[in-house]
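So this block is work24.pdb, PDB, C-alpha atoms and all ligand atoms:
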```pdb
ATOM      1  CA  MET A  67      -9.657   7.043  19.391  1.00  0.00           C
ATOM      2  CA  TYR A  68      -6.617   8.361  17.605  1.00  0.00           C
ATOM      3  CA  LYS A  69      -5.969   9.294  14.006  1.00  0.00           C
ATOM      4  CA  GLY A  70      -3.722   6.921  12.134  1.00  0.00           C
ATOM      5  CA  ILE A  71      -2.212   6.133   8.763  1.00  0.00           C
ATOM      6  CA  ILE A  72      -0.526   3.173   7.073  1.00  0.00           C
ATOM      7  CA  ILE A  73       2.472   4.111   4.930  1.00  0.00           C
ATOM      8  CA  TYR A  74       4.078   1.490   2.694  1.00  0.00           C
ATOM      9  CA  LYS A  75       7.005   1.027   0.355  1.00  0.00           C
ATOM     10  CA  SER A  76       6.884  -2.061  -1.826  1.00  0.00           C
ATOM     11  CA  LYS A  77       9.010  -3.059  -4.793  1.00  0.00           C
ATOM     12  CA  TYR A  78       7.447  -6.440  -5.596  1.00  0.00           C
ATOM     13  CA  GLY A  79       3.997  -6.207  -3.992  1.00  0.00           C
ATOM     14  CA  ALA A  80       4.163  -8.169  -0.733  1.00  0.00           C
ATOM     15  CA  SER A  81       4.392  -5.070   1.506  1.00  0.00           C
ATOM     16  CA  LYS A  82       1.519  -3.456  -0.389  1.00  0.00           C
ATOM     17  CA  LYS A  83      -0.553  -6.594   0.222  1.00  0.00           C
ATOM     18  CA  TYR A  84       0.226  -6.468   3.971  1.00  0.00           C
ATOM     19  CA  ALA A  85      -0.566  -2.720   4.090  1.00  0.00           C
ATOM     20  CA  ASN A  86      -4.001  -3.398   2.585  1.00  0.00           C
ATOM     21  CA  TRP A  87      -4.646  -6.336   4.951  1.00  0.00           C
ATOM     22  CA  ILE A  88      -3.749  -4.097   7.910  1.00  0.00           C
ATOM     23  CA  ALA A  89      -6.114  -1.422   6.536  1.00  0.00           C
ATOM     24  CA  GLU A  90      -8.952  -3.964   6.379  1.00  0.00           C
ATOM     25  CA  GLU A  91      -8.497  -4.771  10.070  1.00  0.00           C
ATOM     26  CA  THR A  92      -7.835  -1.253  11.382  1.00  0.00           C
ATOM     27  CA  ASN A  93      -9.897   0.934   9.031  1.00  0.00           C
ATOM     28  CA  LEU A  94      -6.900   3.220   8.619  1.00  0.00           C
ATOM     29  CA  LYS A  95      -6.162   4.770   5.267  1.00  0.00           C
ATOM     30  CA  VAL A  96      -3.176   3.565   3.234  1.00  0.00           C
ATOM     31  CA  LYS A  97      -0.679   5.759   1.402  1.00  0.00           C
ATOM     32  CA  GLU A  98       2.326   4.898  -0.718  1.00  0.00           C
ATOM     33  CA  ILE A  99       5.477   6.437   0.760  1.00  0.00           C
ATOM     34  CA  GLU A 100       6.186   8.622  -2.300  1.00  0.00           C
ATOM     35  CA  ASP A 101       2.847  10.416  -1.819  1.00  0.00           C
ATOM     36  CA  VAL A 102       3.307  11.076   1.905  1.00  0.00           C
ATOM     37  CA  THR A 103       3.883  14.650   3.082  1.00  0.00           C
ATOM     38  CA  VAL A 104       5.158  15.947   6.447  1.00  0.00           C
ATOM     39  CA  PHE A 105       1.581  17.076   7.040  1.00  0.00           C
ATOM     40  CA  ASP A 106       0.398  13.422   6.781  1.00  0.00           C
ATOM     41  CA  ILE A 107       2.764  12.507   9.587  1.00  0.00           C
ATOM     42  CA  GLU A 108       2.056  15.545  11.746  1.00  0.00           C
ATOM     43  CA  LYS A 109      -1.722  15.206  11.670  1.00  0.00           C
ATOM     44  CA  ASN A 110      -1.742  11.499  12.641  1.00  0.00           C
ATOM     45  CA  ASP A 111      -1.031  10.025  16.085  1.00  0.00           C
ATOM     46  CA  ILE A 112      -0.559   6.412  15.008  1.00  0.00           C
ATOM     47  CA  ILE A 113       1.797   5.661  12.133  1.00  0.00           C
ATOM     48  CA  ILE A 114       2.261   2.164  10.698  1.00  0.00           C
ATOM     49  CA  LEU A 115       5.216   1.792   8.337  1.00  0.00           C
ATOM     50  CA  VAL A 116       5.219  -1.284   6.094  1.00  0.00           C
ATOM     51  CA  GLY A 117       8.147  -2.106   3.823  1.00  0.00           C
ATOM     52  CA  GLY A 118      10.317  -4.793   2.299  1.00  0.00           C
ATOM     53  CA  VAL A 119      13.790  -5.731   3.497  1.00  0.00           C
ATOM     54  CA  TYR A 120      16.497  -5.565   0.840  1.00  0.00           C
ATOM     55  CA  ALA A 121      20.072  -6.533   1.723  1.00  0.00           C
ATOM     56  CA  SER A 122      19.131  -6.278   5.413  1.00  0.00           C
ATOM     57  CA  VAL A 123      17.819  -2.714   5.091  1.00  0.00           C
ATOM     58  CA  PHE A 124      14.197  -1.783   5.819  1.00  0.00           C
ATOM     59  CA  ALA A 125      12.711  -0.009   2.780  1.00  0.00           C
ATOM     60  CA  CYS A 126      11.301   2.846   4.899  1.00  0.00           C
ATOM     61  CA  TYR A 127      14.636   3.467   6.596  1.00  0.00           C
ATOM     62  CA  SER A 128      15.572   6.699   4.778  1.00  0.00           C
ATOM     63  CA  PHE A 129      12.007   8.014   5.199  1.00  0.00           C
ATOM     64  CA  MET A 130      12.327   7.379   8.946  1.00  0.00           C
ATOM     65  CA  LYS A 131      15.689   9.112   9.028  1.00  0.00           C
ATOM     66  CA  LYS A 132      14.282  12.132   7.216  1.00  0.00           C
ATOM     67  CA  HIS A 133      11.268  12.497   9.510  1.00  0.00           C
ATOM     68  CA  ILE A 134      12.778  11.212  12.751  1.00  0.00           C
ATOM     69  CA  ASP A 135      12.072  14.405  14.725  1.00  0.00           C
ATOM     70  CA  VAL A 136       8.342  14.140  14.061  1.00  0.00           C
ATOM     71  CA  LEU A 137       8.096  10.331  14.103  1.00  0.00           C
ATOM     72  CA  ARG A 138       9.698   9.899  17.531  1.00  0.00           C
ATOM     73  CA  PHE A 139       6.658  11.535  19.190  1.00  0.00           C
ATOM     74  CA  LYS A 140       4.139   9.228  17.467  1.00  0.00           C
ATOM     75  CA  LYS A 141       2.785   5.801  18.282  1.00  0.00           C
ATOM     76  CA  LEU A 142       4.878   4.051  15.650  1.00  0.00           C
ATOM     77  CA  ALA A 143       4.795   0.485  14.327  1.00  0.00           C
ATOM     78  CA  ILE A 144       7.350  -0.911  11.897  1.00  0.00           C
ATOM     79  CA  PHE A 145       6.214  -3.902   9.857  1.00  0.00           C
ATOM     80  CA  CYS A 146       9.148  -5.423   7.955  1.00  0.00           C
ATOM     81  CA  VAL A 147       8.552  -7.829   5.083  1.00  0.00           C
ATOM     82  CA  GLY A 148      11.358 -10.212   4.187  1.00  0.00           C
ATOM     83  CA  ALA A 149      12.120 -13.640   2.816  1.00  0.00           C
ATOM     84  CA  ALA A 150      13.663 -14.945   6.033  1.00  0.00           C
ATOM     85  CA  ASP A 151      11.833 -17.029   8.585  1.00  0.00           C
ATOM     86  CA  SER A 152      12.245 -14.376  11.265  1.00  0.00           C
ATOM     87  CA  ASP A 153      13.389 -14.667  14.849  1.00  0.00           C
ATOM     88  CA  ASP A 154      14.929 -12.228  17.353  1.00  0.00           C
ATOM     89  CA  SER A 155      18.334 -12.340  15.678  1.00  0.00           C
ATOM     90  CA  TYR A 156      16.718 -11.140  12.453  1.00  0.00           C
ATOM     91  CA  LYS A 157      15.160  -8.226  14.309  1.00  0.00           C
ATOM     92  CA  ASP A 158      18.482  -7.342  15.965  1.00  0.00           C
ATOM     93  CA  ALA A 159      20.262  -7.440  12.610  1.00  0.00           C
ATOM     94  CA  LEU A 160      17.823  -4.909  11.177  1.00  0.00           C
ATOM     95  CA  MET A 161      18.383  -2.497  14.055  1.00  0.00           C
ATOM     96  CA  ASP A 162      21.025   0.031  13.160  1.00  0.00           C
ATOM     97  CA  ASP A 163      23.738   1.876  15.093  1.00  0.00           C
ATOM     98  CA  SER A 164      21.807   5.116  15.251  1.00  0.00           C
ATOM     99  CA  ASN A 165      18.807   3.283  16.716  1.00  0.00           C
ATOM    100  CA  ILE A 166      16.369   4.705  14.187  1.00  0.00           C
ATOM    101  CA  LEU A 167      14.263   1.545  13.963  1.00  0.00           C
ATOM    102  CA  LYS A 168      14.115   1.336  17.754  1.00  0.00           C
ATOM    103  CA  ILE A 169      11.776   4.349  17.969  1.00  0.00           C
ATOM    104  CA  GLY A 170       8.954   2.049  16.816  1.00  0.00           C
ATOM    105  CA  GLU A 171       7.466  -1.309  17.752  1.00  0.00           C
ATOM    106  CA  PHE A 172       8.846  -4.068  15.502  1.00  0.00           C
ATOM    107  CA  PHE A 173       6.632  -6.520  13.571  1.00  0.00           C
ATOM    108  CA  TYR A 174       7.413  -8.954  10.787  1.00  0.00           C
ATOM    109  CA  GLY A 175       5.708 -10.795   7.946  1.00  0.00           C
ATOM    110  CA  ARG A 176       7.212 -13.075   5.328  1.00  0.00           C
ATOM    111  CA  GLY A 177       7.060 -11.773   1.778  1.00  0.00           C
ATOM    112  CA  SER A 178       7.657 -13.365  -1.585  1.00  0.00           C
ATOM    113  CA  MET A 179      10.478 -13.931  -4.050  1.00  0.00           C
ATOM    114  CA  ASP A 180      10.222 -14.392  -7.781  1.00  0.00           C
ATOM    115  CA  ILE A 181      13.501 -13.925  -9.586  1.00  0.00           C
ATOM    116  CA  LYS A 182      11.777 -13.855 -12.996  1.00  0.00           C
ATOM    117  CA  ASN A 183       9.955 -10.632 -12.077  1.00  0.00           C
ATOM    118  CA  MET A 184      12.929  -8.860 -10.520  1.00  0.00           C
ATOM    119  CA  THR A 185      14.666  -5.843 -11.984  1.00  0.00           C
ATOM    120  CA  PHE A 186      17.873  -6.530 -13.892  1.00  0.00           C
ATOM    121  CA  ARG A 187      19.895  -5.165 -10.964  1.00  0.00           C
ATOM    122  CA  ASP A 188      18.151  -7.383  -8.381  1.00  0.00           C
ATOM    123  CA  LYS A 189      18.432 -10.430 -10.656  1.00  0.00           C
ATOM    124  CA  THR A 190      22.161  -9.789 -10.934  1.00  0.00           C
ATOM    125  CA  ILE A 191      22.474  -9.512  -7.140  1.00  0.00           C
ATOM    126  CA  MET A 192      20.582 -12.797  -6.720  1.00  0.00           C
ATOM    127  CA  LYS A 193      22.802 -14.540  -9.272  1.00  0.00           C
ATOM    128  CA  LEU A 194      25.902 -13.338  -7.416  1.00  0.00           C
ATOM    129  CA  VAL A 195      24.457 -14.462  -4.072  1.00  0.00           C
ATOM    130  CA  ARG A 196      23.640 -17.831  -5.669  1.00  0.00           C
ATOM    131  CA  LYS A 197      27.188 -18.279  -6.931  1.00  0.00           C
ATOM    132  CA  ALA A 198      28.671 -17.344  -3.552  1.00  0.00           C
ATOM    133  CA  LEU A 199      26.322 -19.764  -1.778  1.00  0.00           C
ATOM    134  CA  LEU A 200      27.246 -22.652  -4.059  1.00  0.00           C
ATOM    135  CA  ARG A 201      30.946 -21.941  -3.487  1.00  0.00           C
ATOM    136  CA  LYS A 202      30.576 -21.718   0.285  1.00  0.00           C
ATOM    137  CA  LYS A 203      28.232 -24.696   0.496  1.00  0.00           C
ATOM    138  CA  LYS A 204      31.065 -26.950  -0.566  1.00  0.00           C
ATOM    139  CA  HIS A 205      32.973 -26.040   2.607  1.00  0.00           C
ATOM    140  CA  GLU A 206      30.465 -25.417   5.368  1.00  0.00           C
ATOM    141  CA  ASP A 207      26.829 -25.380   6.400  1.00  0.00           C
ATOM    142  CA  LEU A 208      26.298 -21.684   5.882  1.00  0.00           C
ATOM    143  CA  SER A 209      23.924 -19.825   8.112  1.00  0.00           C
ATOM    144  CA  ILE A 210      23.079 -16.208   7.432  1.00  0.00           C
ATOM    145  CA  ASP A 211      23.252 -13.825  10.407  1.00  0.00           C
ATOM    146  CA  GLU A 212      20.003 -12.028   9.791  1.00  0.00           C
ATOM    147  CA  GLY A 213      17.627 -14.949  10.037  1.00  0.00           C
ATOM    148  CA  LYS A 214      17.161 -18.668   9.975  1.00  0.00           C
ATOM    149  CA  LEU A 215      18.387 -19.060   6.428  1.00  0.00           C
ATOM    150  CA  ASN A 216      20.789 -21.822   5.569  1.00  0.00           C
ATOM    151  CA  ALA A 217      22.429 -22.191   2.187  1.00  0.00           C
ATOM    152  CA  ASP A 218      19.914 -24.749   0.916  1.00  0.00           C
ATOM    153  CA  ASP A 219      16.931 -22.610   1.916  1.00  0.00           C
ATOM    154  CA  MET A 220      18.503 -19.591   0.248  1.00  0.00           C
ATOM    155  CA  LEU A 221      19.237 -21.478  -2.946  1.00  0.00           C
ATOM    156  CA  ASP A 222      15.722 -22.858  -2.996  1.00  0.00           C
ATOM    157  CA  MET A 223      14.308 -19.332  -2.645  1.00  0.00           C
ATOM    158  CA  ILE A 224      16.440 -18.027  -5.474  1.00  0.00           C
ATOM    159  CA  ASP A 225      15.741 -20.936  -7.826  1.00  0.00           C
ATOM    160  CA  ASN A 226      12.013 -21.289  -7.178  1.00  0.00           C
ATOM    161  CA  SER A 227       9.548 -18.475  -6.871  1.00  0.00           C
ATOM    162  CA  SER A 228       7.883 -18.528  -3.476  1.00  0.00           C
ATOM    163  CA  ASP A 229       5.059 -16.643  -1.819  1.00  0.00           C
ATOM    164  CA  TRP A 230       4.948 -16.860   1.970  1.00  0.00           C
ATOM    165  CA  THR A 231       2.544 -13.959   2.487  1.00  0.00           C
ATOM    166  CA  ASP A 232      -0.086 -14.843   5.065  1.00  0.00           C
ATOM    167  CA  LYS A 233      -2.642 -12.624   6.744  1.00  0.00           C
ATOM    168  CA  SER A 234      -1.941 -14.244  10.115  1.00  0.00           C
ATOM    169  CA  TYR A 235       1.363 -12.330  10.250  1.00  0.00           C
ATOM    170  CA  ILE A 236      -0.534  -9.100  10.914  1.00  0.00           C
ATOM    171  CA  VAL A 237      -2.274 -10.404  14.071  1.00  0.00           C
ATOM    172  CA  PRO A 238       0.345  -9.065  16.566  1.00  0.00           C
ATOM    173  CA  LEU A 239       0.331  -5.684  14.834  1.00  0.00           C
ATOM    174  CA  VAL A 240      -3.467  -5.454  14.904  1.00  0.00           C
ATOM    175  CA  SER A 241      -3.394  -6.233  18.664  1.00  0.00           C
ATOM    176  CA  TRP A 242      -0.790  -3.485  19.136  1.00  0.00           C
ATOM    177  CA  PHE A 243      -3.051  -1.100  17.198  1.00  0.00           C
ATOM    178  CA  ASN A 244      -6.101  -1.949  19.290  1.00  0.00           C
ATOM    179  CA  GLU A 245      -4.116  -1.439  22.510  1.00  0.00           C
ATOM    180  CA  ASN A 246      -2.818   1.922  21.329  1.00  0.00           C
ATOM    181  CA  ASN A 247      -6.096   3.168  19.922  1.00  0.00           C
ATOM    182  CA  LYS A 248      -8.039   3.236  23.205  1.00  0.00           C
TER     183      LYS A 248
HETATM  184  C1  LIG A 301      17.811  -7.485  -3.948  1.00  0.00           C
HETATM  185  C2  LIG A 301      17.033  -8.162  -2.853  1.00  0.00           C
HETATM  186  C3  LIG A 301      17.596  -8.284  -1.589  1.00  0.00           C
HETATM  187  C4  LIG A 301      16.874  -8.923  -0.557  1.00  0.00           C
HETATM  188  N1  LIG A 301      17.447  -9.017   0.683  1.00  0.00           N
HETATM  189  C5  LIG A 301      16.750  -9.608   1.686  1.00  0.00           C
HETATM  190  C6  LIG A 301      17.312  -9.684   3.005  1.00  0.00           C
HETATM  191  O1  LIG A 301      18.388  -9.189   3.286  1.00  0.00           O
HETATM  192  N2  LIG A 301      16.586 -10.322   3.970  1.00  0.00           N
HETATM  193  C7  LIG A 301      15.355 -10.855   3.713  1.00  0.00           C
HETATM  194  O2  LIG A 301      14.741 -11.429   4.607  1.00  0.00           O
HETATM  195  N3  LIG A 301      14.786 -10.783   2.478  1.00  0.00           N
HETATM  196  C8  LIG A 301      15.459 -10.172   1.463  1.00  0.00           C
HETATM  197  N4  LIG A 301      14.894 -10.071   0.214  1.00  0.00           N
HETATM  198  C9  LIG A 301      13.534 -10.589  -0.007  1.00  0.00           C
HETATM  199  C10 LIG A 301      12.498  -9.451   0.078  1.00  0.00           C
HETATM  200  O3  LIG A 301      12.475  -8.893   1.357  1.00  0.00           O
HETATM  201  C11 LIG A 301      11.113 -10.002  -0.287  1.00  0.00           C
HETATM  202  O4  LIG A 301      11.133 -10.254  -1.667  1.00  0.00           O
HETATM  203  C12 LIG A 301       9.959  -9.062   0.068  1.00  0.00           C
HETATM  204  O5  LIG A 301       8.763  -9.665  -0.361  1.00  0.00           O
HETATM  205  C13 LIG A 301      10.140  -7.684  -0.538  1.00  0.00           C
HETATM  206  O6  LIG A 301       9.036  -6.850  -0.291  1.00  0.00           O
HETATM  207  P1  LIG A 301       8.104  -6.309  -1.492  1.00  0.00           P
HETATM  208  O7  LIG A 301       7.484  -7.548  -2.152  1.00  0.00           O
HETATM  209  O8  LIG A 301       7.107  -5.455  -0.851  1.00  0.00           O
HETATM  210  O9  LIG A 301       9.004  -5.574  -2.429  1.00  0.00           O
HETATM  211  C14 LIG A 301      15.593  -9.451  -0.820  1.00  0.00           C
HETATM  212  C15 LIG A 301      15.024  -9.320  -2.098  1.00  0.00           C
HETATM  213  C16 LIG A 301      15.719  -8.681  -3.099  1.00  0.00           C
HETATM  214  C17 LIG A 301      15.078  -8.527  -4.442  1.00  0.00           C
END
```

As structure tokens:
Amino acid sequence: MYKGIIIYKSKYGASKKYANWIAEETNLKVKEIEDVTVFDIEKNDIIILVGGVYASVFACYSFMKKHIDVLRFKKLAIFCVGAADSDDSYKDALMDDSNILKIGEFFYGRGSMDIKNMTFRDKTIMKLVRKALLRKKKHEDLSIDEGKLNADDMLDMIDNSSDWTDKSYIVPLVSWFNENNK
């Protein structure tokens, strides 16, 4: 049995929800990323990072970059939470040039979107994305590189609040944990 911790970064709550679901199934403790110290990472063997995806960037990315020298020697799982209906191309798009995300095992769960509750900045981004989509939709069936999102799906997400969170998304991660905790 190893020592482990779940670390999450969540702007709108979906990643926090997944972190708590994972805690229920693994009995690991949960900590918000802002409260995590180097000591928390050093003293644990299994680290599970849970975070939202914003503009194709994993929320825990800069944390990973900062602590890469310690994290690379841990059993590390990365659980990304996004709006897209994920497939392998989504995963590849999230992987960066410096291979930081590749030091962990990748998992994915769908999050939620509610434009009414977004910060002013995020609302503005969504409105700009919406405008661009409507313009492009006139000319082509737009598909977004980082996932199976076409223009209509994207517009629907922006216009209507949606919650795709589902506990079944954590099943592969929990299996990974059980395998690595022997
Ligand atoms: C500004 C902004 C950008 C986003 N960009 C992406 C994206 O590139 N890919 C994606 O799948 N989801 C994207 N989303 C959706 C979020 O990943 C989704 O809302 C998720 O639930 C966020 O996690 P949180 O609820 O823990 O904050 C974006 C959301 C916002 C507000």

Please give me, as a tab-separated table (two decimals) with C-alpha atoms, keeping the file's coordinate frame, the residues lying within 7 Å of ligand LIG 301 (chain A) when counting only C-alpha atoms and all ligand atoms.
```tsv
chain	number	residue	atom	x	y	z
A	75	LYS	CA	7.00	1.03	0.36
A	76	SER	CA	6.88	-2.06	-1.83
A	77	LYS	CA	9.01	-3.06	-4.79
A	78	TYR	CA	7.45	-6.44	-5.60
A	79	GLY	CA	4.00	-6.21	-3.99
A	80	ALA	CA	4.16	-8.17	-0.73
A	81	SER	CA	4.39	-5.07	1.51
A	82	LYS	CA	1.52	-3.46	-0.39
A	117	GLY	CA	8.15	-2.11	3.82
A	118	GLY	CA	10.32	-4.79	2.30
A	119	VAL	CA	13.79	-5.73	3.50
A	120	TYR	CA	16.50	-5.56	0.84
A	121	ALA	CA	20.07	-6.53	1.72
A	122	SER	CA	19.13	-6.28	5.41
A	123	VAL	CA	17.82	-2.71	5.09
A	147	VAL	CA	8.55	-7.83	5.08
A	148	GLY	CA	11.36	-10.21	4.19
A	149	ALA	CA	12.12	-13.64	2.82
A	150	ALA	CA	13.66	-14.94	6.03
A	176	ARG	CA	7.21	-13.08	5.33
A	177	GLY	CA	7.06	-11.77	1.78
A	178	SER	CA	7.66	-13.36	-1.58
A	179	MET	CA	10.48	-13.93	-4.05
A	184	MET	CA	12.93	-8.86	-10.52
A	188	ASP	CA	18.15	-7.38	-8.38
A	191	ILE	CA	22.47	-9.51	-7.14
A	192	MET	CA	20.58	-12.80	-6.72
A	212	GLU	CA	20.00	-12.03	9.79
```

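As for CA of Asn86 (chain A) and CA of Lys248 (chain A), they are spaced 22.0 Å apart.
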
> Around (5.0, 11.2, 17.5) in the file's frame, which residues reach within 12 Å when counting only C-alpha atoms? Return as a list in words?
Replying inline: Tyr68, Lys69, Gly70, Asp106, Ile107, Glu108, Lys109, Asn110, Asp111, Ile112, Ile113, Ile114, Met130, His133, Ile134, Asp135, Val136, Leu137, Arg138, Phe139, Lys140, Lys141, Leu142, Ala143, Ile169 and Gly170 of chain A

Could you turn the residues from that selection into a file that holds C-alpha atoms, as a short mmCIF file (atom, residue, chain, number, x, y, z; two decimals), keeping the file's coordinate frame?
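Everything below was put into selection.cif:
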```cif
data_model
loop_
_atom_site.label_atom_id
_atom_site.label_comp_id
_atom_site.auth_asym_id
_atom_site.auth_seq_id
_atom_site.Cartn_x
_atom_site.Cartn_y
_atom_site.Cartn_z
CA TYR A 68 -6.62 8.36 17.60
CA LYS A 69 -5.97 9.29 14.01
CA GLY A 70 -3.72 6.92 12.13
CA ASP A 106 0.40 13.42 6.78
CA ILE A 107 2.76 12.51 9.59
CA GLU A 108 2.06 15.54 11.75
CA LYS A 109 -1.72 15.21 11.67
CA ASN A 110 -1.74 11.50 12.64
CA ASP A 111 -1.03 10.02 16.08
CA ILE A 112 -0.56 6.41 15.01
CA ILE A 113 1.80 5.66 12.13
CA ILE A 114 2.26 2.16 10.70
CA MET A 130 12.33 7.38 8.95
CA HIS A 133 11.27 12.50 9.51
CA ILE A 134 12.78 11.21 12.75
CA ASP A 135 12.07 14.40 14.72
CA VAL A 136 8.34 14.14 14.06
CA LEU A 137 8.10 10.33 14.10
CA ARG A 138 9.70 9.90 17.53
CA PHE A 139 6.66 11.54 19.19
CA LYS A 140 4.14 9.23 17.47
CA LYS A 141 2.78 5.80 18.28
CA LEU A 142 4.88 4.05 15.65
CA ALA A 143 4.80 0.48 14.33
CA ILE A 169 11.78 4.35 17.97
CA GLY A 170 8.95 2.05 16.82
#
```

Run the PyMOL selection byres (((chain A and resi 172) around 12) and not hetatm) mentally over the shown coordinates, then write out the matched residues as a short mmCIF file (atom, residue, chain, number, x, y, z; two decimals) with C-alpha atoms, keeping the file's coordinate frame, using the chain letters and numbers from the document.
```cif
data_model
loop_
_atom_site.label_atom_id
_atom_site.label_comp_id
_atom_site.auth_asym_id
_atom_site.auth_seq_id
_atom_site.Cartn_x
_atom_site.Cartn_y
_atom_site.Cartn_z
CA ILE A 114 2.26 2.16 10.70
CA LEU A 115 5.22 1.79 8.34
CA VAL A 116 5.22 -1.28 6.09
CA GLY A 117 8.15 -2.11 3.82
CA PHE A 124 14.20 -1.78 5.82
CA LYS A 141 2.78 5.80 18.28
CA LEU A 142 4.88 4.05 15.65
CA ALA A 143 4.80 0.48 14.33
CA ILE A 144 7.35 -0.91 11.90
CA PHE A 145 6.21 -3.90 9.86
CA CYS A 146 9.15 -5.42 7.96
CA VAL A 147 8.55 -7.83 5.08
CA SER A 152 12.24 -14.38 11.26
CA ASP A 153 13.39 -14.67 14.85
CA ASP A 154 14.93 -12.23 17.35
CA TYR A 156 16.72 -11.14 12.45
CA LYS A 157 15.16 -8.23 14.31
CA ASP A 158 18.48 -7.34 15.96
CA LEU A 160 17.82 -4.91 11.18
CA MET A 161 18.38 -2.50 14.06
CA ILE A 166 16.37 4.70 14.19
CA LEU A 167 14.26 1.54 13.96
CA LYS A 168 14.12 1.34 17.75
CA ILE A 169 11.78 4.35 17.97
CA GLY A 170 8.95 2.05 16.82
CA GLU A 171 7.47 -1.31 17.75
CA PHE A 173 6.63 -6.52 13.57
CA TYR A 174 7.41 -8.95 10.79
CA GLY A 175 5.71 -10.80 7.95
CA ILE A 236 -0.53 -9.10 10.91
CA PRO A 238 0.34 -9.06 16.57
CA LEU A 239 0.33 -5.68 14.83
CA TRP A 242 -0.79 -3.48 19.14
#
```

What's around Leu94 (chain A) at 7 Å? Count all atoms listed in the file, leave out sequence neighbours fewer than 4 positions away in its own chain, and write the answer as a PDB file with C-alpha atoms, in the frame of the given file.
```
ATOM      1  CA  GLY A  70      -3.722   6.921  12.134  1.00  0.00           C
ATOM      2  CA  ILE A  71      -2.212   6.133   8.763  1.00  0.00           C
ATOM      3  CA  ILE A  72      -0.526   3.173   7.073  1.00  0.00           C
ATOM      4  CA  ALA A  89      -6.114  -1.422   6.536  1.00  0.00           C
TER       5      ALA A  89
END
```

Produce the centre coordinates and the three edge lengths, each in Å to one decimal, of the box along x, y and z that contains all listed atoms of region 95-112 of chain A with 5 Å added on each side, as JSON.
```
{"center_x": 0.0, "center_y": 10.3, "center_z": 6.9, "size_x": 22.3, "size_y": 23.5, "size_z": 28.4}
```

> How far is it from CA of Thr231 (chain A) to CA of Lys182 (chain A), in Å with one decimal?
Replying inline: 18.0 Å

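Shell of Val237 (chain A) at 10 Å, with all atoms listed in the file counted and residues fewer than 3 places along the chain excluded, is A:Ile88, A:Glu91, A:Phe173, A:Lys233, A:Ser234, A:Val240, A:Ser241, A:Trp242, A:Phe243.
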
>> Calculated over only C-alpha atoms, which of the candidates A:Lys193, A:Arg187, A:Lys83, A:Lys132 has the smallest distance to Val96 (chain A)?
In response: A:Lys83

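Distance-wise, CA of Asn246 (chain A) and CA of Asp151 (chain A) end up 27.1 Å apart.
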
> Just so the selection is clear, what residues does the PyMOL selection byres (((chain A and resi 199) around 9) and not hetatm) cover here, as a VMD selection string?
Replying inline: chain A and resid 194 to 198 200 to 204 208 217 to 218 220 to 221
